[in-house]
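Everything below concerns the one structure shown next.
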Amino acid sequence: MEKTIDKTIQGNTIALEEKTSNTRKLYLESYGCAMNFSDSEIVASILTNEGFNTTNNLEDADLVLVNTCSIRDKAEQTVRKRLEKFNAVKKYRPHLKVGVLGCMAERLKSKLLEEEKIVDMVVGPDAYKDLPNLIKEVDAGRDAVNVILSKDETYGDIAPVRLQSNGVSALVSITRGCDNMCTFCVVPFTRGRERSRDPQSIIEEVNDLAKKGFKEITLLGQNVDSYLWYGGGLKKDFEKASEMQKATAVNFSKLLATVAEAQPKMRIRFSTSNPQDMTLDVIHTMAKYENICNHIHLPVQSGSNSILKKMNRLHTIEEYFTLIDNIREILPNCAISQDIISGFPTETEEDHNATLAVLDYVKYNFGYMYLYSERPGTMAARKFEDDIPLATKQRRLAEIIALQREHCSLKTKEHLGAIEEVLIEGTSKKSEEHWMGRNQQNTVVVFPKENYEIGDFVDVKIENCTSATLIGKAISYSNN
Ligand code: SAH
Ligand code: F3S
């Protein structure tokens, strides 16, 4: 449960392969959600064709790109701290150029150039194809900015360069942007309107990953259940599509089935589901295909109907419970995880207790829990005062985390004695002699290495556990 409080991930990323003819060095650092890491793979691909190879040594870099997150204030502060470090490097590497990509670029636009003197280039999430031109500008000594959001950019035509991958699991983005307008959330402003990627290009990417030996993919979107392909264009314009386009449209459950059938030996995961958009179809499709993993990340945010309404989450808690009941009935072995925000404006003790009651009802396998962070420009910031004292937010968050922790242990113990299929991802962090992998439910499993290899699917008998990790012994090799 190390990652309970913040799932925000960060890391500098280098490519698995390089082009020998390339001479300039790119240091690429990514923060935030999986979508940012997936975008960085697109950026690396574009720059590989522009004479850059990636490096994980900042001191070697000619160009630093930092792919940023704006979801909470803390995420932005972390990036600003990193910019100070790049500034220090520039003192003895004066030709070093620094570009800010992602959500902070889109939110702050050219203001970033004024606020952070080290920054030469500001590039929003839909403008990465313009990077070659922007870099030319920067090389000529001028600042460069492109934060134009797009109606149809999905980067479906770019083959991502897999960065620092274990060679087993890969991210495949299927939608961009979000139309949901949850009042606390900055994403609709930084990533624009929702659009879906051509299923043909998704299948091609998945097939290519299979050919390269990848064993697991995660289909990515801010709101995957809302995926809808009708020939291109914004989701909100679907009504204006022709009858023919409507009749042949591909929704998420259809896409999921097509991907599962295209590569029956690959594990398929997806993230994230917004409860208001998840249909029974999707759950039935998960039940039909063995290779679609039994795990649903289903953020609830709050257990109180009045708070859900103020958040513009377009479902009630009763509807959420019905969805949970349906998942339990159709997919009895499915793990469910959550996101929760503590201390949204006006939240009372009663509202908070309603959130604890949701935890008790669902008993999530794991979750990511956050203090409410007011984001400038969002509806919540405009309409509501951030009126819950920090100490109260923190106390409530601690109570939520403590309860989730109990449920984590409870859920982990349920696996004891079972035989579960594990996909090996690498060596266990704690022991050289053990492999680490995951079962379908996304729980980490460690077991003695014997003769198995990274990328093998192995049946493991679960014999022991800690609060979040299963410990077992391999009993067979399914040679997938
Ligand atoms: N649909 C997205 C959600 C993006 S944000 C996805 O693919 O994950 C991830 C989580 O961050 C949200 O579910 C929410 O719990 C949290 N979050 C978003 N905005 C926040 C804010 N202003 N303060 C605190 N937490 C926030
Ligand atoms: Fe944000 Fe809600 Fe979309 S949390 S990403 S506006 S589904």
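Chain lettering (A, B, ...) mirrors the order of the structure tokens, residue numbering begins at 1 for each chain separately, and ligand numbering begins at 1 in order of display.
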Exercise for the section: Please give me, as an MDAnalysis selection string, the residues lying within 12 Å of ligand 2 when counting only C-alpha atoms and all ligand atoms. Expected result: chainID A and resid 33 35 70:72 103 175:194 220:226 271:278 298:301 308 311:314 339:341 375 378:380
Problem - Nearest to Leu219 in chain A, chosen from A:Phe252, A:Phe270, A:Tyr452, A:Phe238, with only C-alpha atoms counted in the distances - result: A:Phe270
Practice task
Grab the CA of Val358 in chain A to CA of Ile296 in chain A distance for me, in Å with one decimal place.
Solution key: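 About the pair CA of Val358 in chain A and CA of Ile296 in chain A: they are 16.1 Å apart.
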Practice task
Determine which residues of range 86-148 of chain A receive a DSSP assignment of strand (DSSP E), computed from the backbone, and state them as a PyMOL selection string.
Solution key: chain A and resi 97-102+121-123+144-146
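Between Ile462 in chain A and the candidates A:Glu425, A:Asn442, A:Ile419, A:Lys25, the tightest atom-to-atom separation, counting only C-alpha atoms, involves A:Ile419.
If only C-alpha atoms and all ligand atoms are the atoms counted, then among A:Leu397, A:Val460, A:Leu163, A:Cys293 the closest residue to ligand 1 is A:Leu397.
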Handout entry: 12 Å contact set for Val43 in chain A, only C-alpha atoms, chain neighbours under 6 positions out, as number ranges by chain
Key = A: 13-15, 26-30, 36-37, 49-50, 52-54, 65-67, 99, 101-102, 123-132, 155, 158-163
May I have the residues from that selection written out with N, CA, C and O atoms, as a compact mmCIF listing (two decimals), in the first residue's frame?
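And here's again-v7.txt as it stands now:
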```
# COMPACT_ATOMS: atom_id res chain seq x y z
N THR A 13 12.84 9.10 -18.43
CA THR A 13 12.58 7.96 -19.27
C THR A 13 13.58 7.89 -20.42
O THR A 13 13.87 8.92 -21.04
N ILE A 14 14.09 6.71 -20.67
CA ILE A 14 14.98 6.55 -21.82
C ILE A 14 14.48 5.43 -22.72
O ILE A 14 13.80 4.52 -22.27
N ALA A 15 14.82 5.54 -23.97
CA ALA A 15 14.31 4.58 -24.95
C ALA A 15 15.07 3.27 -24.87
O ALA A 15 16.23 3.23 -24.45
N LEU A 26 18.45 13.97 -25.67
CA LEU A 26 17.20 14.43 -25.05
C LEU A 26 17.04 13.80 -23.67
O LEU A 26 17.12 12.58 -23.53
N TYR A 27 16.84 14.63 -22.66
CA TYR A 27 16.52 14.14 -21.31
C TYR A 27 15.03 14.41 -21.11
O TYR A 27 14.59 15.57 -21.10
N LEU A 28 14.24 13.33 -20.99
CA LEU A 28 12.79 13.46 -20.97
C LEU A 28 12.28 12.97 -19.61
O LEU A 28 12.51 11.82 -19.23
N GLU A 29 11.60 13.86 -18.90
CA GLU A 29 11.13 13.50 -17.56
C GLU A 29 9.61 13.64 -17.54
O GLU A 29 9.08 14.63 -18.04
N SER A 30 8.92 12.65 -16.96
CA SER A 30 7.45 12.68 -16.99
C SER A 30 6.87 12.62 -15.59
O SER A 30 7.37 11.90 -14.73
N ASN A 36 0.33 10.69 -19.47
CA ASN A 36 1.53 11.50 -19.70
C ASN A 36 2.71 10.62 -20.09
O ASN A 36 3.51 10.99 -20.95
N PHE A 37 2.80 9.45 -19.46
CA PHE A 37 3.91 8.54 -19.79
C PHE A 37 3.73 8.02 -21.21
O PHE A 37 4.70 7.88 -21.95
N ASN A 49 13.13 11.01 -34.82
CA ASN A 49 13.25 11.37 -36.25
C ASN A 49 13.82 12.76 -36.46
O ASN A 49 13.95 13.22 -37.58
N GLU A 50 14.13 13.45 -35.38
CA GLU A 50 14.69 14.81 -35.47
C GLU A 50 16.12 14.86 -34.98
O GLU A 50 16.63 15.92 -34.60
N PHE A 52 17.48 13.19 -32.27
CA PHE A 52 17.72 13.05 -30.82
C PHE A 52 17.70 11.60 -30.37
O PHE A 52 16.84 10.82 -30.79
N ASN A 53 18.63 11.24 -29.49
CA ASN A 53 18.52 10.00 -28.72
C ASN A 53 18.27 10.38 -27.27
O ASN A 53 18.72 11.44 -26.82
N THR A 54 17.57 9.51 -26.52
CA THR A 54 17.29 9.83 -25.12
C THR A 54 18.50 9.50 -24.25
O THR A 54 19.29 8.61 -24.56
N LEU A 65 13.11 17.95 -21.74
CA LEU A 65 11.66 18.13 -21.85
C LEU A 65 11.03 17.55 -20.59
O LEU A 65 11.34 16.42 -20.20
N VAL A 66 10.15 18.32 -19.98
CA VAL A 66 9.50 17.83 -18.77
C VAL A 66 7.99 17.82 -19.02
O VAL A 66 7.39 18.84 -19.34
N ASN A 67 7.44 16.60 -18.97
CA ASN A 67 6.01 16.40 -19.26
C ASN A 67 5.25 16.49 -17.93
O ASN A 67 5.41 15.64 -17.06
N GLY A 99 12.18 22.59 -22.31
CA GLY A 99 10.79 22.70 -22.75
C GLY A 99 9.85 22.11 -21.72
O GLY A 99 10.14 21.08 -21.12
N LEU A 101 6.18 20.46 -21.28
CA LEU A 101 5.09 19.84 -22.03
C LEU A 101 3.92 19.54 -21.08
O LEU A 101 4.06 19.65 -19.88
N GLY A 102 2.80 19.12 -21.64
CA GLY A 102 1.72 18.57 -20.82
C GLY A 102 0.79 19.60 -20.21
O GLY A 102 0.63 20.72 -20.71
N VAL A 123 4.74 23.58 -24.64
CA VAL A 123 4.03 22.80 -25.65
C VAL A 123 2.88 22.02 -25.01
O VAL A 123 3.10 21.16 -24.14
N GLY A 124 1.68 22.31 -25.43
CA GLY A 124 0.49 21.64 -24.87
C GLY A 124 0.33 20.22 -25.42
O GLY A 124 0.96 19.85 -26.42
N PRO A 125 -0.56 19.42 -24.78
CA PRO A 125 -0.67 17.99 -25.10
C PRO A 125 -1.11 17.66 -26.53
O PRO A 125 -0.93 16.55 -26.98
N ASP A 126 -1.71 18.63 -27.24
CA ASP A 126 -2.14 18.32 -28.61
C ASP A 126 -1.17 18.86 -29.65
O ASP A 126 -1.45 18.78 -30.86
N ALA A 127 -0.03 19.41 -29.22
CA ALA A 127 0.85 20.12 -30.17
C ALA A 127 2.20 19.42 -30.38
O ALA A 127 3.12 20.02 -30.95
N TYR A 128 2.29 18.14 -29.99
CA TYR A 128 3.62 17.51 -30.05
C TYR A 128 4.15 17.33 -31.47
O TYR A 128 5.35 17.29 -31.69
N LYS A 129 3.23 17.26 -32.45
CA LYS A 129 3.72 17.12 -33.83
C LYS A 129 4.42 18.39 -34.30
O LYS A 129 5.14 18.37 -35.30
N ASP A 130 4.19 19.48 -33.59
CA ASP A 130 4.84 20.74 -33.96
C ASP A 130 6.23 20.87 -33.32
O ASP A 130 6.94 21.85 -33.55
N LEU A 131 6.61 19.88 -32.51
CA LEU A 131 7.91 19.97 -31.80
C LEU A 131 9.10 20.25 -32.74
O LEU A 131 9.95 21.09 -32.40
N PRO A 132 9.18 19.59 -33.91
CA PRO A 132 10.33 19.88 -34.78
C PRO A 132 10.44 21.37 -35.12
O PRO A 132 11.54 21.95 -35.07
N TYR A 155 -2.82 11.19 -32.25
CA TYR A 155 -1.49 10.61 -32.47
C TYR A 155 -1.57 9.14 -32.90
O TYR A 155 -0.61 8.39 -32.71
N ILE A 158 1.27 7.75 -35.04
CA ILE A 158 2.67 7.75 -34.57
C ILE A 158 2.93 6.47 -33.76
O ILE A 158 2.19 6.17 -32.82
N ALA A 159 3.97 5.75 -34.15
CA ALA A 159 4.32 4.54 -33.40
C ALA A 159 5.17 4.96 -32.21
O ALA A 159 6.30 5.43 -32.38
N PRO A 160 4.65 4.80 -30.98
CA PRO A 160 5.40 5.27 -29.82
C PRO A 160 6.72 4.52 -29.65
O PRO A 160 6.80 3.34 -29.98
N VAL A 161 7.74 5.23 -29.16
CA VAL A 161 9.00 4.57 -28.79
C VAL A 161 8.82 4.13 -27.35
O VAL A 161 8.51 4.94 -26.49
N ARG A 162 8.95 2.83 -27.06
CA ARG A 162 8.69 2.35 -25.69
C ARG A 162 9.82 2.79 -24.78
O ARG A 162 10.98 2.45 -25.00
N LEU A 163 9.47 3.53 -23.75
CA LEU A 163 10.48 4.12 -22.87
C LEU A 163 10.60 3.32 -21.58
O LEU A 163 9.60 3.05 -20.93
```
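Take the candidates A:Gln263, A:Ser173, A:Gln164, A:Asn333 and check each one against ligand 1 using only C-alpha atoms and all ligand atoms; the shortest distance goes to A:Ser173.
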Handout entry: From A:Ile202, A:Leu255, A:Ala402, A:Ala381, residue lying nearest ligand 1 [only C-alpha atoms and all ligand atoms]
Key =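 Of the candidates, the smallest distance to ligand 1 is held by A:Ala381.
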Practice task
Between A:Ile327, A:Leu234, A:Ala249, A:Ile401, single out the one closest to Thr285 in chain A, counting only C-alpha atoms.
Solution key: A:Ile327
Practice task
Identify, on the basis of only C-alpha atoms, every residue whose closest approach to Glu347 in chain A does not exceed 9 Å; exclude the query and any residue fewer than 6 positions from it along the same chain; express the result as a PyMOL selection string.
Solution key: chain A and resi 304+306-307+387-388
Exercise for the section: Would you work out the distance separating CA of Lys212 in chain A from CA of Val172 in chain A, expressed in Å to one decimal? Expected result: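 Interatomic distance here is 14.4 Å.
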Exercise for the section: Could you jot down the CA of Tyr361 in chain A to CA of Leu403 in chain A separation for me, Å, one decimal place? Expected result: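 According to the coordinates, CA of Tyr361 in chain A and CA of Leu403 in chain A are separated by 11.7 Å.
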Taking the chain letters and numbering used in this document, name the residues of range 357-475 of chain A that DSSP puts in helix (DSSP H, G or I), as a CSV table (one decimal) with C-alpha atoms, in the first residue's frame.
```csv
chain,number,residue,atom,x,y,z
A,357,ALA,CA,-19.8,3.9,4.4
A,358,VAL,CA,-19.0,3.5,0.7
A,359,LEU,CA,-15.6,1.9,1.7
A,360,ASP,CA,-17.4,-0.4,4.0
A,361,TYR,CA,-19.9,-1.4,1.4
A,362,VAL,CA,-17.5,-2.0,-1.5
A,379,MET,CA,-16.1,25.4,-11.7
A,380,ALA,CA,-15.4,24.4,-8.1
A,381,ALA,CA,-12.9,27.2,-7.7
A,382,ARG,CA,-15.3,29.7,-9.1
A,383,LYS,CA,-18.4,28.6,-7.3
A,390,LEU,CA,-6.5,21.8,6.2
A,391,ALA,CA,-6.4,19.9,9.6
A,392,THR,CA,-10.0,18.7,9.0
A,393,LYS,CA,-9.2,17.6,5.5
A,394,GLN,CA,-6.1,15.7,6.8
A,395,ARG,CA,-7.9,14.0,9.6
A,396,ARG,CA,-10.7,12.9,7.3
A,397,LEU,CA,-8.1,11.6,4.7
A,398,ALA,CA,-6.3,9.7,7.5
A,399,GLU,CA,-9.5,8.0,8.5
A,400,ILE,CA,-10.3,7.1,4.9
A,401,ILE,CA,-6.8,5.7,4.4
A,402,ALA,CA,-6.9,3.7,7.6
A,403,LEU,CA,-10.1,2.1,6.6
A,404,GLN,CA,-8.9,1.4,3.1
A,405,ARG,CA,-5.8,-0.2,4.6
A,406,GLU,CA,-7.9,-2.6,6.6
A,407,HIS,CA,-9.8,-3.6,3.5
A,408,CYS,CA,-6.5,-4.0,1.6
A,409,SER,CA,-5.4,-6.7,4.1
A,410,LEU,CA,-8.8,-8.3,4.1
A,411,LYS,CA,-8.8,-8.5,0.3
A,412,THR,CA,-5.3,-9.7,0.0
A,413,LYS,CA,-6.0,-12.5,2.5
```
Problem - Shell of 12 Å around Leu112 in chain A, only C-alpha atoms, local chain residues under 2 positions omitted, as an MDAnalysis selection string - result: chainID A and resid 76 79:80 83 98:101 103:110 114:124 143:145 147
Handout entry: Non-local contacts of Ala61 in chain A (9 Å; only C-alpha atoms; under 2 positions in same chain excluded) as a ChimeraX atom specification
Key = /A:24-27,54-59,63-64,93,96-97
Problem - Residues within 9 Å of Glu290 in chain A, only C-alpha atoms, excluding chain neighbours under 4 positions, as a PyMOL selection string - result: chain A and resi 260+264+267+286+294
